[in-house]
Amino acid sequence: MPHILNAEQFDTEQLGQLFSQADYFRDNDLDITDRREVMQSHVGRIMLSEFYEPSTRTRFSFEIAATKLGIGVVSTENGSVTSSAVKGETIEDTMRVFNEYGVDAVVLRTKEDGYAVRAASVSKIAVINGGDGKGEHPTQAVLDMYTIQEQLNQLDGLNVVMGGDLAHGRTVRSLSKLLSLYPDNHISFLSTPELQIGEDIKLHLKKNGTSFEETSDMYGVLSQADVVYWTRLQLERHSGKSLTMGQEHFILDAKALDVMPKDAIIMHPLPRIAEIPVSTDQDPRAKYFRQAGNGLYVRMAMLDRIMKKLD
Amino acid sequence: MPHILNAEQFDTEQLGQLFSQADYFRDNDLDITDRREVMQSHVGRIMLSEFYEPSTRTRFSFEIAATKLGIGVVSTENGSVTSSAVKGETIEDTMRVFNEYGVDAVVLRTKEDGYAVRAASVSKIAVINGGDGKGEHPTQAVLDMYTIQEQLNQLDGLNVVMGGDLAHGRTVRSLSKLLSLYPDNHISFLSTPELQIGEDIKLHLKKNGTSFEETSDMYGVLSQADVVYWTRLQLERHSGKSLTMGQEHFILDAKALDVMPKDAIIMHPLPRIAEIPVSTDQDPRAKYFRQAGNGLYVRMAMLDRIMKKLD
Amino acid sequence: MPHILNAEQFDTEQLGQLFSQADYFRDNDLDITDRREVMQSHVGRIMLSEFYEPSTRTRFSFEIAATKLGIGVVSTENGSVTSSAVKGETIEDTMRVFNEYGVDAVVLRTKEDGYAVRAASVSKIAVINGGDGKGEHPTQAVLDMYTIQEQLNQLDGLNVVMGGDLAHGRTVRSLSKLLSLYPDNHISFLSTPELQIGEDIKLHLKKNGTSFEETSDMYGVLSQADVVYWTRLQLERHSGKSLTMGQEHFILDAKALDVMPKDAIIMHPLPRIAEIPVSTDQDPRAKYFRQAGNGLYVRMAMLDRIMKKLD
């Protein structure tokens, strides 16, 4: 199966291979001669980019990744307005047509959960889930793992704090699943009761023997953290609902930085709003922009793997 | 004249040449080495894609076609919002500027009839009509003819049923004109009286000696068809008007398939809504996705022809 | 500093170099063999195009320019809807992320004044201001100067009439600054009192010893002009305000053409609405479409300069 649909499909061996390849692409992106060589990798291949929901990072990083691999890109940034979806076409039909176009991969961002799986169910060409509603965002989860590996040189035995709106953010869901592939990790889900992590994720962790806790004791868990994974309020997803999580309670400011261990790292899927003040960017533990950049190299590694299978 | 503005501009010889070239591009799209060679065809050329109305198929297939020919692409997917048209610029002025940019072709999709002709009237570079309102959609008509040729190996002496909203769909209009270039075709326009084909098309067919009928006897004409060309209700074009064509009467379901000859083919410009159930896709006569894919190769052939004239 | 943020950053030497390079690119755009050679210039480089406001000319000409230089392009045409800005991300954070993506330049069009400067303040990669609100539009100013040089073979000792909505148009502001770099130019700001040029520009000209006048005597100044730089009402910027400048008073029609010197040139940043009738296009002094085309070659020269510094 060439598709990238959810975080669960990866095992530790596949992740290891992706990470090596991502390292390689990062190393060869500095010098223009190396870049030009990498750009010969997949000339003749084409990736479609079909985004039905706003995105800067995911779309740009996939399209830059493709371009750096020599893959041609054809793109829709605003598919909910500009595609045949406005005429009532199903995602399956859209994908059936793309399958006739001699393209080699489709990156899909949709508003609704499960659309990537539906698309893949009728597709011989690779479907890459670029985020479907509050369902999955597997490439984000992989780049998050890559960043932890890169920064801490280990993926097991870690104390990981996930803070913020855990009920609506898809990144924490996928990341939790990937962390459960490695032994001895402990996850502290830090939120208000209303915005806690979903039952399905807790069940998944239990099955895999990954220990976790639900808590609202911010300073307590921060003081023990190896990884602090912070998220914003998904305001666009719960308009109308009242938010009992006051932003003042979940802000990584100087006081919070003070209690964090010296060699911990701070991650965030971005965009950040008020939950991480700009002043925190100067802290050497702040790795969220590096993390965003890793997205490029991890996505290059994924596209490279998909295209190599076609050669 | 390098422009592609309407179906009438093509004669049978030109169509034959385009079809051979489309065959060639289809054959050479399977192997990556062949693809890479084709991709050298027109390096240095640039196609602009200016879409003022939603489109998945037309824009994507033109941009993929260009990419596969080595033509650079610069694109607008949502021109009615993002271009200078919002500031009141005429299509003629937009085209005058594009003529100064050293590009080699402009694909144009507009809401209003006749815009492609207006654009071409001030342009030395090729204007390709990618659909203007309910006017013309010539590249669709050519790919429709190509699909008939490919599937039935003939373009004359055919019984063609065109069913659905014939008053608002532009594809049936252009296709009728092309069918009238070949002898002994018979067209059955199948619709309700309110949504029947326009007088101008009937006049055109009469002039060219192509026989046709207007009917609402679905099972009668289906039982005699070589080609069943089905279309959806153009809901976005007659908001407010009441639709007397109940969708239950014009659905290609098992009962309709039953009366169709065994070697007939089913075509549809897509997107389809309820007028062709998904279950029909399994029928070997269903060719509408193949037809969509043919759009890619026919558009490659068209771009190839335009660019060759510049060399 | 690799950024292009405002017109003031250029001195006459830099302008001269850009103009030579633009000449070179114009000369080598006619023949496909020359084009292909130019297209090898910067293979491996990538330009991001981030447009938060509608644009045909600026975005297309930058993306065509990049394509013609072999620079890969990744683009957003409707960033105010489709990017992370809708989730509340600051321009600084957006730029911090782009800096992690191994790209080489970002072209930015924003609604708000000063956004390009803010973006550049956190960026190591080149930020090119493609227009920020009513602030600056430096690449337009440079192409305007290039057009004057190309057409009149001089940039000093000129009588320049700038007519129209001077209060809201950014092009006249930047152009005034560049004209003040050269000796003996005289600018006639032709408008109604409500829509006259800003105080900051007048101060700038005074400081630089460039003479100017504010006037509403259209025929008087036209009769003395070497350059007539005409602009449209920026209707999208003063909705609600009443416009006392009747369009009938500021139209370059036959009567206006009559009083203009024979070797004057007419420029306009486009789009034009009613302020220049289409009939005027036939006048040999009308250079506004040529001017638009020059935008391509000037932007190629700018991108070339930025990319060369990286090699």
# chains A, B, ... in the order shown; residues from 1 in each chain; ligands from 1

$ select_by_dssp --residues "segment 159-261 of chain A" --states "strand (DSSP E or B)" --output "PDB file with all heavy atoms, in the first residue's frame"
ATOM      1  N   ASN A 159       9.476  11.480  29.122  1.00  0.00           N
ATOM      2  CA  ASN A 159       8.308  12.137  29.701  1.00  0.00           C
ATOM      3  C   ASN A 159       7.822  13.208  28.733  1.00  0.00           C
ATOM      4  O   ASN A 159       8.515  14.199  28.513  1.00  0.00           O
ATOM      5  CB  ASN A 159       8.668  12.815  31.028  1.00  0.00           C
ATOM      6  CG  ASN A 159       8.439  11.898  32.196  1.00  0.00           C
ATOM      7  OD1 ASN A 159       7.508  11.101  32.195  1.00  0.00           O
ATOM      8  ND2 ASN A 159       9.307  12.018  33.205  1.00  0.00           N
ATOM      9  N   VAL A 160       6.652  12.992  28.158  1.00  0.00           N
ATOM     10  CA  VAL A 160       6.147  13.935  27.177  1.00  0.00           C
ATOM     11  C   VAL A 160       4.896  14.615  27.715  1.00  0.00           C
ATOM     12  O   VAL A 160       3.914  13.949  28.062  1.00  0.00           O
ATOM     13  CB  VAL A 160       5.818  13.217  25.847  1.00  0.00           C
ATOM     14  CG1 VAL A 160       5.276  14.206  24.824  1.00  0.00           C
ATOM     15  CG2 VAL A 160       7.049  12.492  25.311  1.00  0.00           C
ATOM     16  N   VAL A 161       4.947  15.934  27.800  1.00  0.00           N
ATOM     17  CA  VAL A 161       3.776  16.707  28.215  1.00  0.00           C
ATOM     18  C   VAL A 161       3.090  17.240  26.965  1.00  0.00           C
ATOM     19  O   VAL A 161       3.730  17.899  26.141  1.00  0.00           O
ATOM     20  CB  VAL A 161       4.181  17.894  29.108  1.00  0.00           C
ATOM     21  CG1 VAL A 161       2.971  18.766  29.429  1.00  0.00           C
ATOM     22  CG2 VAL A 161       4.854  17.393  30.377  1.00  0.00           C
ATOM     23  N   MET A 162       1.806  16.930  26.802  1.00  0.00           N
ATOM     24  CA  MET A 162       1.038  17.527  25.709  1.00  0.00           C
ATOM     25  C   MET A 162       0.028  18.476  26.321  1.00  0.00           C
ATOM     26  O   MET A 162      -0.858  18.040  27.062  1.00  0.00           O
ATOM     27  CB  MET A 162       0.327  16.442  24.909  1.00  0.00           C
ATOM     28  CG  MET A 162       1.300  15.468  24.251  1.00  0.00           C
ATOM     29  SD  MET A 162       0.451  14.349  23.125  1.00  0.00           S
ATOM     30  CE  MET A 162       1.819  13.232  22.707  1.00  0.00           C
ATOM     31  N   GLY A 163       0.180  19.761  26.007  1.00  0.00           N
ATOM     32  CA  GLY A 163      -0.660  20.758  26.658  1.00  0.00           C
ATOM     33  C   GLY A 163      -1.522  21.533  25.690  1.00  0.00           C
ATOM     34  O   GLY A 163      -1.127  21.770  24.554  1.00  0.00           O
ATOM     35  N   HIS A 186       6.085   8.065  28.763  1.00  0.00           N
ATOM     36  CA  HIS A 186       4.963   8.465  29.614  1.00  0.00           C
ATOM     37  C   HIS A 186       4.407   9.789  29.098  1.00  0.00           C
ATOM     38  O   HIS A 186       5.158  10.749  28.917  1.00  0.00           O
ATOM     39  CB  HIS A 186       5.417   8.620  31.069  1.00  0.00           C
ATOM     40  CG  HIS A 186       4.331   9.131  31.964  1.00  0.00           C
ATOM     41  ND1 HIS A 186       3.297   8.316  32.434  1.00  0.00           N
ATOM     42  CD2 HIS A 186       4.076  10.376  32.438  1.00  0.00           C
ATOM     43  CE1 HIS A 186       2.472   9.039  33.171  1.00  0.00           C
ATOM     44  NE2 HIS A 186       2.924  10.296  33.193  1.00  0.00           N
ATOM     45  N   ILE A 187       3.116   9.811  28.875  1.00  0.00           N
ATOM     46  CA  ILE A 187       2.498  11.041  28.360  1.00  0.00           C
ATOM     47  C   ILE A 187       1.631  11.689  29.426  1.00  0.00           C
ATOM     48  O   ILE A 187       0.783  11.031  30.032  1.00  0.00           O
ATOM     49  CB  ILE A 187       1.621  10.750  27.118  1.00  0.00           C
ATOM     50  CG1 ILE A 187       2.438   9.996  26.054  1.00  0.00           C
ATOM     51  CG2 ILE A 187       1.051  12.045  26.544  1.00  0.00           C
ATOM     52  CD1 ILE A 187       1.630   9.607  24.821  1.00  0.00           C
ATOM     53  N   SER A 188       1.848  12.984  29.636  1.00  0.00           N
ATOM     54  CA  SER A 188       0.979  13.757  30.519  1.00  0.00           C
ATOM     55  C   SER A 188       0.082  14.645  29.674  1.00  0.00           C
ATOM     56  O   SER A 188       0.565  15.580  29.031  1.00  0.00           O
ATOM     57  CB  SER A 188       1.816  14.634  31.459  1.00  0.00           C
ATOM     58  OG  SER A 188       2.679  13.835  32.231  1.00  0.00           O
ATOM     59  N   PHE A 189      -1.188  14.317  29.634  1.00  0.00           N
ATOM     60  CA  PHE A 189      -2.137  15.140  28.889  1.00  0.00           C
ATOM     61  C   PHE A 189      -2.594  16.276  29.783  1.00  0.00           C
ATOM     62  O   PHE A 189      -3.319  16.063  30.758  1.00  0.00           O
ATOM     63  CB  PHE A 189      -3.339  14.302  28.431  1.00  0.00           C
ATOM     64  CG  PHE A 189      -2.988  13.247  27.415  1.00  0.00           C
ATOM     65  CD1 PHE A 189      -3.068  11.899  27.752  1.00  0.00           C
ATOM     66  CD2 PHE A 189      -2.588  13.612  26.140  1.00  0.00           C
ATOM     67  CE1 PHE A 189      -2.743  10.919  26.815  1.00  0.00           C
ATOM     68  CE2 PHE A 189      -2.262  12.631  25.203  1.00  0.00           C
ATOM     69  CZ  PHE A 189      -2.339  11.283  25.537  1.00  0.00           C
ATOM     70  N   LEU A 190      -2.167  17.476  29.440  1.00  0.00           N
ATOM     71  CA  LEU A 190      -2.394  18.634  30.290  1.00  0.00           C
ATOM     72  C   LEU A 190      -3.457  19.531  29.674  1.00  0.00           C
ATOM     73  O   LEU A 190      -3.229  20.171  28.644  1.00  0.00           O
ATOM     74  CB  LEU A 190      -1.068  19.405  30.423  1.00  0.00           C
ATOM     75  CG  LEU A 190      -1.092  20.761  31.104  1.00  0.00           C
ATOM     76  CD1 LEU A 190      -1.394  20.610  32.587  1.00  0.00           C
ATOM     77  CD2 LEU A 190       0.245  21.468  30.892  1.00  0.00           C
ATOM     78  N   SER A 211       2.124   4.334  29.406  1.00  0.00           N
ATOM     79  CA  SER A 211       1.508   4.978  30.570  1.00  0.00           C
ATOM     80  C   SER A 211       1.190   6.435  30.276  1.00  0.00           C
ATOM     81  O   SER A 211       1.873   7.089  29.484  1.00  0.00           O
ATOM     82  CB  SER A 211       2.429   4.873  31.783  1.00  0.00           C
ATOM     83  OG  SER A 211       3.480   5.813  31.695  1.00  0.00           O
ATOM     84  N   PHE A 212       0.138   6.907  30.864  1.00  0.00           N
ATOM     85  CA  PHE A 212      -0.259   8.310  30.650  1.00  0.00           C
ATOM     86  C   PHE A 212      -1.067   8.785  31.841  1.00  0.00           C
ATOM     87  O   PHE A 212      -1.526   7.996  32.664  1.00  0.00           O
ATOM     88  CB  PHE A 212      -1.070   8.445  29.361  1.00  0.00           C
ATOM     89  CG  PHE A 212      -2.412   7.765  29.418  1.00  0.00           C
ATOM     90  CD1 PHE A 212      -3.546   8.441  29.863  1.00  0.00           C
ATOM     91  CD2 PHE A 212      -2.545   6.440  29.023  1.00  0.00           C
ATOM     92  CE1 PHE A 212      -4.774   7.813  29.918  1.00  0.00           C
ATOM     93  CE2 PHE A 212      -3.777   5.798  29.080  1.00  0.00           C
ATOM     94  CZ  PHE A 212      -4.898   6.491  29.531  1.00  0.00           C
ATOM     95  N   GLU A 213      -1.233  10.082  31.931  1.00  0.00           N
ATOM     96  CA  GLU A 213      -2.102  10.666  32.947  1.00  0.00           C
ATOM     97  C   GLU A 213      -2.829  11.857  32.340  1.00  0.00           C
ATOM     98  O   GLU A 213      -2.355  12.462  31.378  1.00  0.00           O
ATOM     99  CB  GLU A 213      -1.279  11.139  34.154  1.00  0.00           C
ATOM    100  CG  GLU A 213      -0.291  12.237  33.768  1.00  0.00           C
ATOM    101  CD  GLU A 213       0.601  12.702  34.908  1.00  0.00           C
ATOM    102  OE1 GLU A 213       0.100  12.898  36.026  1.00  0.00           O
ATOM    103  OE2 GLU A 213       1.823  12.873  34.652  1.00  0.00           O
ATOM    104  N   GLU A 214      -3.984  12.161  32.872  1.00  0.00           N
ATOM    105  CA  GLU A 214      -4.687  13.388  32.507  1.00  0.00           C
ATOM    106  C   GLU A 214      -4.561  14.340  33.680  1.00  0.00           C
ATOM    107  O   GLU A 214      -4.858  13.957  34.810  1.00  0.00           O
ATOM    108  CB  GLU A 214      -6.160  13.104  32.223  1.00  0.00           C
ATOM    109  CG  GLU A 214      -6.363  12.191  31.027  1.00  0.00           C
ATOM    110  CD  GLU A 214      -7.811  11.756  30.892  1.00  0.00           C
ATOM    111  OE1 GLU A 214      -8.178  10.730  31.495  1.00  0.00           O
ATOM    112  OE2 GLU A 214      -8.565  12.450  30.177  1.00  0.00           O
ATOM    113  N   THR A 215      -4.176  15.552  33.399  1.00  0.00           N
ATOM    114  CA  THR A 215      -3.894  16.446  34.511  1.00  0.00           C
ATOM    115  C   THR A 215      -4.135  17.899  34.119  1.00  0.00           C
ATOM    116  O   THR A 215      -4.202  18.225  32.932  1.00  0.00           O
ATOM    117  CB  THR A 215      -2.414  16.274  34.968  1.00  0.00           C
ATOM    118  OG1 THR A 215      -2.145  17.211  36.012  1.00  0.00           O
ATOM    119  CG2 THR A 215      -1.461  16.569  33.805  1.00  0.00           C
ATOM    120  N   VAL A 227       9.969  16.394  26.896  1.00  0.00           N
ATOM    121  CA  VAL A 227       9.385  17.053  25.729  1.00  0.00           C
ATOM    122  C   VAL A 227       8.120  17.785  26.166  1.00  0.00           C
ATOM    123  O   VAL A 227       7.241  17.183  26.802  1.00  0.00           O
ATOM    124  CB  VAL A 227       9.009  16.029  24.637  1.00  0.00           C
ATOM    125  CG1 VAL A 227       8.306  16.719  23.474  1.00  0.00           C
ATOM    126  CG2 VAL A 227      10.242  15.266  24.159  1.00  0.00           C
ATOM    127  N   VAL A 228       8.037  19.065  25.840  1.00  0.00           N
ATOM    128  CA  VAL A 228       6.813  19.831  26.088  1.00  0.00           C
ATOM    129  C   VAL A 228       6.186  20.132  24.731  1.00  0.00           C
ATOM    130  O   VAL A 228       6.749  20.886  23.941  1.00  0.00           O
ATOM    131  CB  VAL A 228       7.120  21.144  26.833  1.00  0.00           C
ATOM    132  CG1 VAL A 228       5.859  21.977  26.978  1.00  0.00           C
ATOM    133  CG2 VAL A 228       7.750  20.840  28.181  1.00  0.00           C
ATOM    134  N   TYR A 229       5.077  19.478  24.467  1.00  0.00           N
ATOM    135  CA  TYR A 229       4.412  19.637  23.174  1.00  0.00           C
ATOM    136  C   TYR A 229       3.183  20.500  23.399  1.00  0.00           C
ATOM    137  O   TYR A 229       2.177  20.053  23.939  1.00  0.00           O
ATOM    138  CB  TYR A 229       4.035  18.270  22.606  1.00  0.00           C
ATOM    139  CG  TYR A 229       3.672  18.314  21.142  1.00  0.00           C
ATOM    140  CD1 TYR A 229       4.606  17.986  20.156  1.00  0.00           C
ATOM    141  CD2 TYR A 229       2.405  18.702  20.723  1.00  0.00           C
ATOM    142  CE1 TYR A 229       4.288  18.039  18.807  1.00  0.00           C
ATOM    143  CE2 TYR A 229       2.070  18.769  19.382  1.00  0.00           C
ATOM    144  CZ  TYR A 229       3.014  18.431  18.427  1.00  0.00           C
ATOM    145  OH  TYR A 229       2.694  18.489  17.096  1.00  0.00           O
ATOM    146  N   TRP A 230       3.283  21.739  22.968  1.00  0.00           N
ATOM    147  CA  TRP A 230       2.249  22.728  23.258  1.00  0.00           C
ATOM    148  C   TRP A 230       1.345  22.922  22.033  1.00  0.00           C
ATOM    149  O   TRP A 230       1.811  22.833  20.888  1.00  0.00           O
ATOM    150  CB  TRP A 230       2.942  24.050  23.602  1.00  0.00           C
ATOM    151  CG  TRP A 230       2.323  24.791  24.743  1.00  0.00           C
ATOM    152  CD1 TRP A 230       1.874  26.070  24.744  1.00  0.00           C
ATOM    153  CD2 TRP A 230       2.132  24.299  26.074  1.00  0.00           C
ATOM    154  NE1 TRP A 230       1.403  26.411  25.981  1.00  0.00           N
ATOM    155  CE2 TRP A 230       1.540  25.335  26.821  1.00  0.00           C
ATOM    156  CE3 TRP A 230       2.366  23.074  26.712  1.00  0.00           C
ATOM    157  CZ2 TRP A 230       1.185  25.207  28.162  1.00  0.00           C
ATOM    158  CZ3 TRP A 230       2.024  22.930  28.055  1.00  0.00           C
ATOM    159  CH2 TRP A 230       1.444  23.990  28.750  1.00  0.00           C
TER     160      TRP A 230
END

$ closest_atom_pairs --of "chain A" --to "chain C" --cutoff "10 Å" --atoms "only C-alpha atoms" --output "Markdown table"
| residue | atom | partner | partner_atom | distance |
| --- | --- | --- | --- | --- |
| A:Arg26 | CA | C:Gly102 | CA | 9.1 |
| A:Asp29 | CA | C:Gly102 | CA | 7.0 |
| A:Leu30 | CA | C:Gly102 | CA | 7.8 |
| A:Asp31 | CA | C:Asp311 | CA | 8.9 |
| A:Ile32 | CA | C:Gly44 | CA | 6.5 |
| A:Thr33 | CA | C:Gly44 | CA | 8.2 |
| A:Asp34 | CA | C:Gly44 | CA | 9.1 |
| A:Arg35 | CA | C:Gly44 | CA | 6.0 |
| A:Arg36 | CA | C:Gly44 | CA | 5.3 |
| A:Glu37 | CA | C:Gly44 | CA | 8.9 |
| A:Val38 | CA | C:Gly44 | CA | 9.1 |
| A:Met39 | CA | C:Gly44 | CA | 7.1 |
| A:Phe51 | CA | C:Thr82 | CA | 9.0 |
| A:Tyr52 | CA | C:Thr82 | CA | 9.0 |
| A:Glu53 | CA | C:Thr82 | CA | 7.0 |
| A:Pro54 | CA | C:Thr82 | CA | 4.0 |
| A:Ser55 | CA | C:Ser83 | CA | 5.0 |
| A:Thr56 | CA | C:Ser83 | CA | 4.7 |
| A:Arg57 | CA | C:Val97 | CA | 7.8 |
| A:Arg59 | CA | C:Val74 | CA | 9.3 |
| A:Phe60 | CA | C:Val74 | CA | 6.8 |
| A:Ser61 | CA | C:Tyr101 | CA | 7.1 |
| A:Phe62 | CA | C:Val74 | CA | 9.9 |
| A:Glu63 | CA | C:Val74 | CA | 6.6 |
| A:Ile64 | CA | C:Val74 | CA | 6.7 |
| A:Ala65 | CA | C:Tyr101 | CA | 8.9 |
| A:Thr67 | CA | C:Gly72 | CA | 6.7 |
| A:Lys68 | CA | C:Gly44 | CA | 7.2 |
| A:Leu69 | CA | C:Gly44 | CA | 9.8 |
| A:Gly70 | CA | C:Gly44 | CA | 9.3 |
| A:Gly72 | CA | C:Gly72 | CA | 10.0 |
| A:Val73 | CA | C:Val74 | CA | 8.9 |
| A:Ser75 | CA | C:Ser75 | CA | 9.1 |
| A:Thr76 | CA | C:Thr76 | CA | 9.5 |
| A:Glu77 | CA | C:Thr82 | CA | 6.5 |
| A:Asn78 | CA | C:Thr82 | CA | 6.3 |
| A:Gly79 | CA | C:Thr82 | CA | 9.8 |
| A:Arg232 | CA | C:Lys87 | CA | 9.8 |
| A:Leu233 | CA | C:Lys87 | CA | 9.8 |
| A:Gln234 | CA | C:Lys87 | CA | 8.5 |
| A:Leu235 | CA | C:Lys87 | CA | 7.9 |
| A:Glu236 | CA | C:Lys87 | CA | 7.6 |
| A:Leu270 | CA | C:Glu89 | CA | 8.4 |
| A:Pro271 | CA | C:Glu89 | CA | 5.6 |
| A:Arg272 | CA | C:Glu89 | CA | 6.6 |
| A:Ile273 | CA | C:Gly88 | CA | 6.4 |
| A:Ala274 | CA | C:Gly88 | CA | 9.6 |
| A:Val278 | CA | C:Asp93 | CA | 9.2 |
| A:Tyr288 | CA | C:Val97 | CA | 9.2 |
| A:Phe289 | CA | C:Val97 | CA | 5.9 |
| A:Arg290 | CA | C:Glu100 | CA | 6.7 |
| A:Gln291 | CA | C:Glu100 | CA | 8.8 |
| A:Ala292 | CA | C:Val97 | CA | 6.4 |
| A:Gly293 | CA | C:Glu100 | CA | 4.5 |
| A:Asn294 | CA | C:Glu100 | CA | 8.0 |
| A:Gly295 | CA | C:Tyr101 | CA | 8.5 |
| A:Leu296 | CA | C:Tyr101 | CA | 6.3 |
| A:Tyr297 | CA | C:Tyr101 | CA | 8.7 |

$ select_by_dssp --residues "segment 209-308 of chain A" --states "helix (DSSP H, G or I)" --output "JSON, numbers by chain"
{"A": [218, 219, 220, 221, 222, 235, 236, 237, 247, 248, 249, 254, 255, 256, 257, 258, 259, 278, 279, 280, 281, 282, 288, 289, 290, 291, 292, 293, 294, 295, 296, 297, 298, 299, 300, 301, 302, 303, 304, 305, 306, 307, 308]}

$ atom_distance --atom1 "atom CA of Tyr219 of chain B" --atom2 "atom CA of Leu252 of chain B"
10.2 Å

$ atom_distance --atom1 "atom CA of Asn6 of chain B" --atom2 "atom CA of Asp226 of chain B"
25.2 Å

$ residues_around --residues "Leu5 of chain B" --least-positions-apart "3" --cutoff "10 Å" --atoms "only C-alpha atoms" --output "NGL selection string"
:B and (2 or 8-10 or 108 or 114-117 or 119-120 or 126-132 or 136-139)

$ closest_residue --among "C:Thr231, C:Asn28, C:Thr147, C:Ser191" --to "Val172 of chain C" --atoms "only C-alpha atoms"
C:Thr231

$ residues_around --residues "Lys287 of chain A" --least-positions-apart "4" --cutoff "7 Å" --atoms "only C-alpha atoms" --output "ChimeraX atom specification"
/A:265-267,291

$ write_last_selection --atoms "N, CA, C and O atoms" --output "PDB file, in the first residue's frame"
ATOM      1  N   ILE A 265      12.887  19.953  25.616  1.00  0.00           N
ATOM      2  CA  ILE A 265      12.651  20.720  24.393  1.00  0.00           C
ATOM      3  C   ILE A 265      11.179  21.125  24.326  1.00  0.00           C
ATOM      4  O   ILE A 265      10.298  20.433  24.836  1.00  0.00           O
ATOM      5  N   ILE A 266      10.959  22.279  23.703  1.00  0.00           N
ATOM      6  CA  ILE A 266       9.596  22.785  23.533  1.00  0.00           C
ATOM      7  C   ILE A 266       9.209  22.655  22.064  1.00  0.00           C
ATOM      8  O   ILE A 266       9.925  23.153  21.179  1.00  0.00           O
ATOM      9  N   MET A 267       8.096  21.996  21.818  1.00  0.00           N
ATOM     10  CA  MET A 267       7.609  21.827  20.457  1.00  0.00           C
ATOM     11  C   MET A 267       6.202  22.412  20.340  1.00  0.00           C
ATOM     12  O   MET A 267       5.512  22.611  21.333  1.00  0.00           O
ATOM     13  N   GLN A 291      11.400  22.427  14.246  1.00  0.00           N
ATOM     14  CA  GLN A 291      10.416  21.359  14.020  1.00  0.00           C
ATOM     15  C   GLN A 291       9.652  21.582  12.716  1.00  0.00           C
ATOM     16  O   GLN A 291       9.465  20.659  11.919  1.00  0.00           O
TER      17      GLN A 291
END

$ residues_around --residues "Val298 of chain A" --least-positions-apart "4" --cutoff "9 Å" --atoms "only C-alpha atoms" --output "list of chain:residue names"
A:Leu18, A:Phe19, A:Gln21, A:Ala22, A:Asp23, A:Phe25, A:Ala65, A:Thr139, A:Val142, A:Leu143, A:Tyr146, A:Asn294, A:Met302, A:Leu303

$ atom_distance --atom1 "atom CA of Leu15 of chain B" --atom2 "atom CA of Ala301 of chain B"
10.3 Å

$ decode --residues "segment 258-265 of chain A" --atoms "N, CA, C and O atoms" --output "PDB file, in the first residue's frame"
ATOM      1  N   ASP A 258      10.924  28.506  33.692  1.00  0.00           N
ATOM      2  CA  ASP A 258      11.727  28.389  34.907  1.00  0.00           C
ATOM      3  C   ASP A 258      11.669  26.997  35.524  1.00  0.00           C
ATOM      4  O   ASP A 258      12.672  26.515  36.055  1.00  0.00           O
ATOM      5  N   VAL A 259      10.523  26.380  35.475  1.00  0.00           N
ATOM      6  CA  VAL A 259      10.389  25.074  36.140  1.00  0.00           C
ATOM      7  C   VAL A 259      10.793  23.916  35.231  1.00  0.00           C
ATOM      8  O   VAL A 259      10.954  22.788  35.683  1.00  0.00           O
ATOM      9  N   MET A 260      10.963  24.178  33.933  1.00  0.00           N
ATOM     10  CA  MET A 260      11.292  23.107  32.992  1.00  0.00           C
ATOM     11  C   MET A 260      12.756  22.679  33.130  1.00  0.00           C
ATOM     12  O   MET A 260      13.634  23.523  33.311  1.00  0.00           O
ATOM     13  N   PRO A 261      13.032  21.396  33.001  1.00  0.00           N
ATOM     14  CA  PRO A 261      14.431  20.931  33.025  1.00  0.00           C
ATOM     15  C   PRO A 261      15.258  21.609  31.939  1.00  0.00           C
ATOM     16  O   PRO A 261      14.728  21.993  30.899  1.00  0.00           O
ATOM     17  N   LYS A 262      16.560  21.685  32.182  1.00  0.00           N
ATOM     18  CA  LYS A 262      17.440  22.425  31.275  1.00  0.00           C
ATOM     19  C   LYS A 262      17.552  21.789  29.894  1.00  0.00           C
ATOM     20  O   LYS A 262      17.798  22.475  28.909  1.00  0.00           O
ATOM     21  N   ASP A 263      17.457  20.475  29.830  1.00  0.00           N
ATOM     22  CA  ASP A 263      17.631  19.807  28.536  1.00  0.00           C
ATOM     23  C   ASP A 263      16.316  19.338  27.929  1.00  0.00           C
ATOM     24  O   ASP A 263      16.309  18.500  27.027  1.00  0.00           O
ATOM     25  N   ALA A 264      15.225  19.882  28.420  1.00  0.00           N
ATOM     26  CA  ALA A 264      13.930  19.588  27.788  1.00  0.00           C
ATOM     27  C   ALA A 264      13.847  20.337  26.457  1.00  0.00           C
ATOM     28  O   ALA A 264      14.656  21.229  26.181  1.00  0.00           O
ATOM     29  N   ILE A 265      12.887  19.953  25.616  1.00  0.00           N
ATOM     30  CA  ILE A 265      12.651  20.720  24.393  1.00  0.00           C
ATOM     31  C   ILE A 265      11.179  21.125  24.326  1.00  0.00           C
ATOM     32  O   ILE A 265      10.298  20.433  24.836  1.00  0.00           O
TER      33      ILE A 265
END
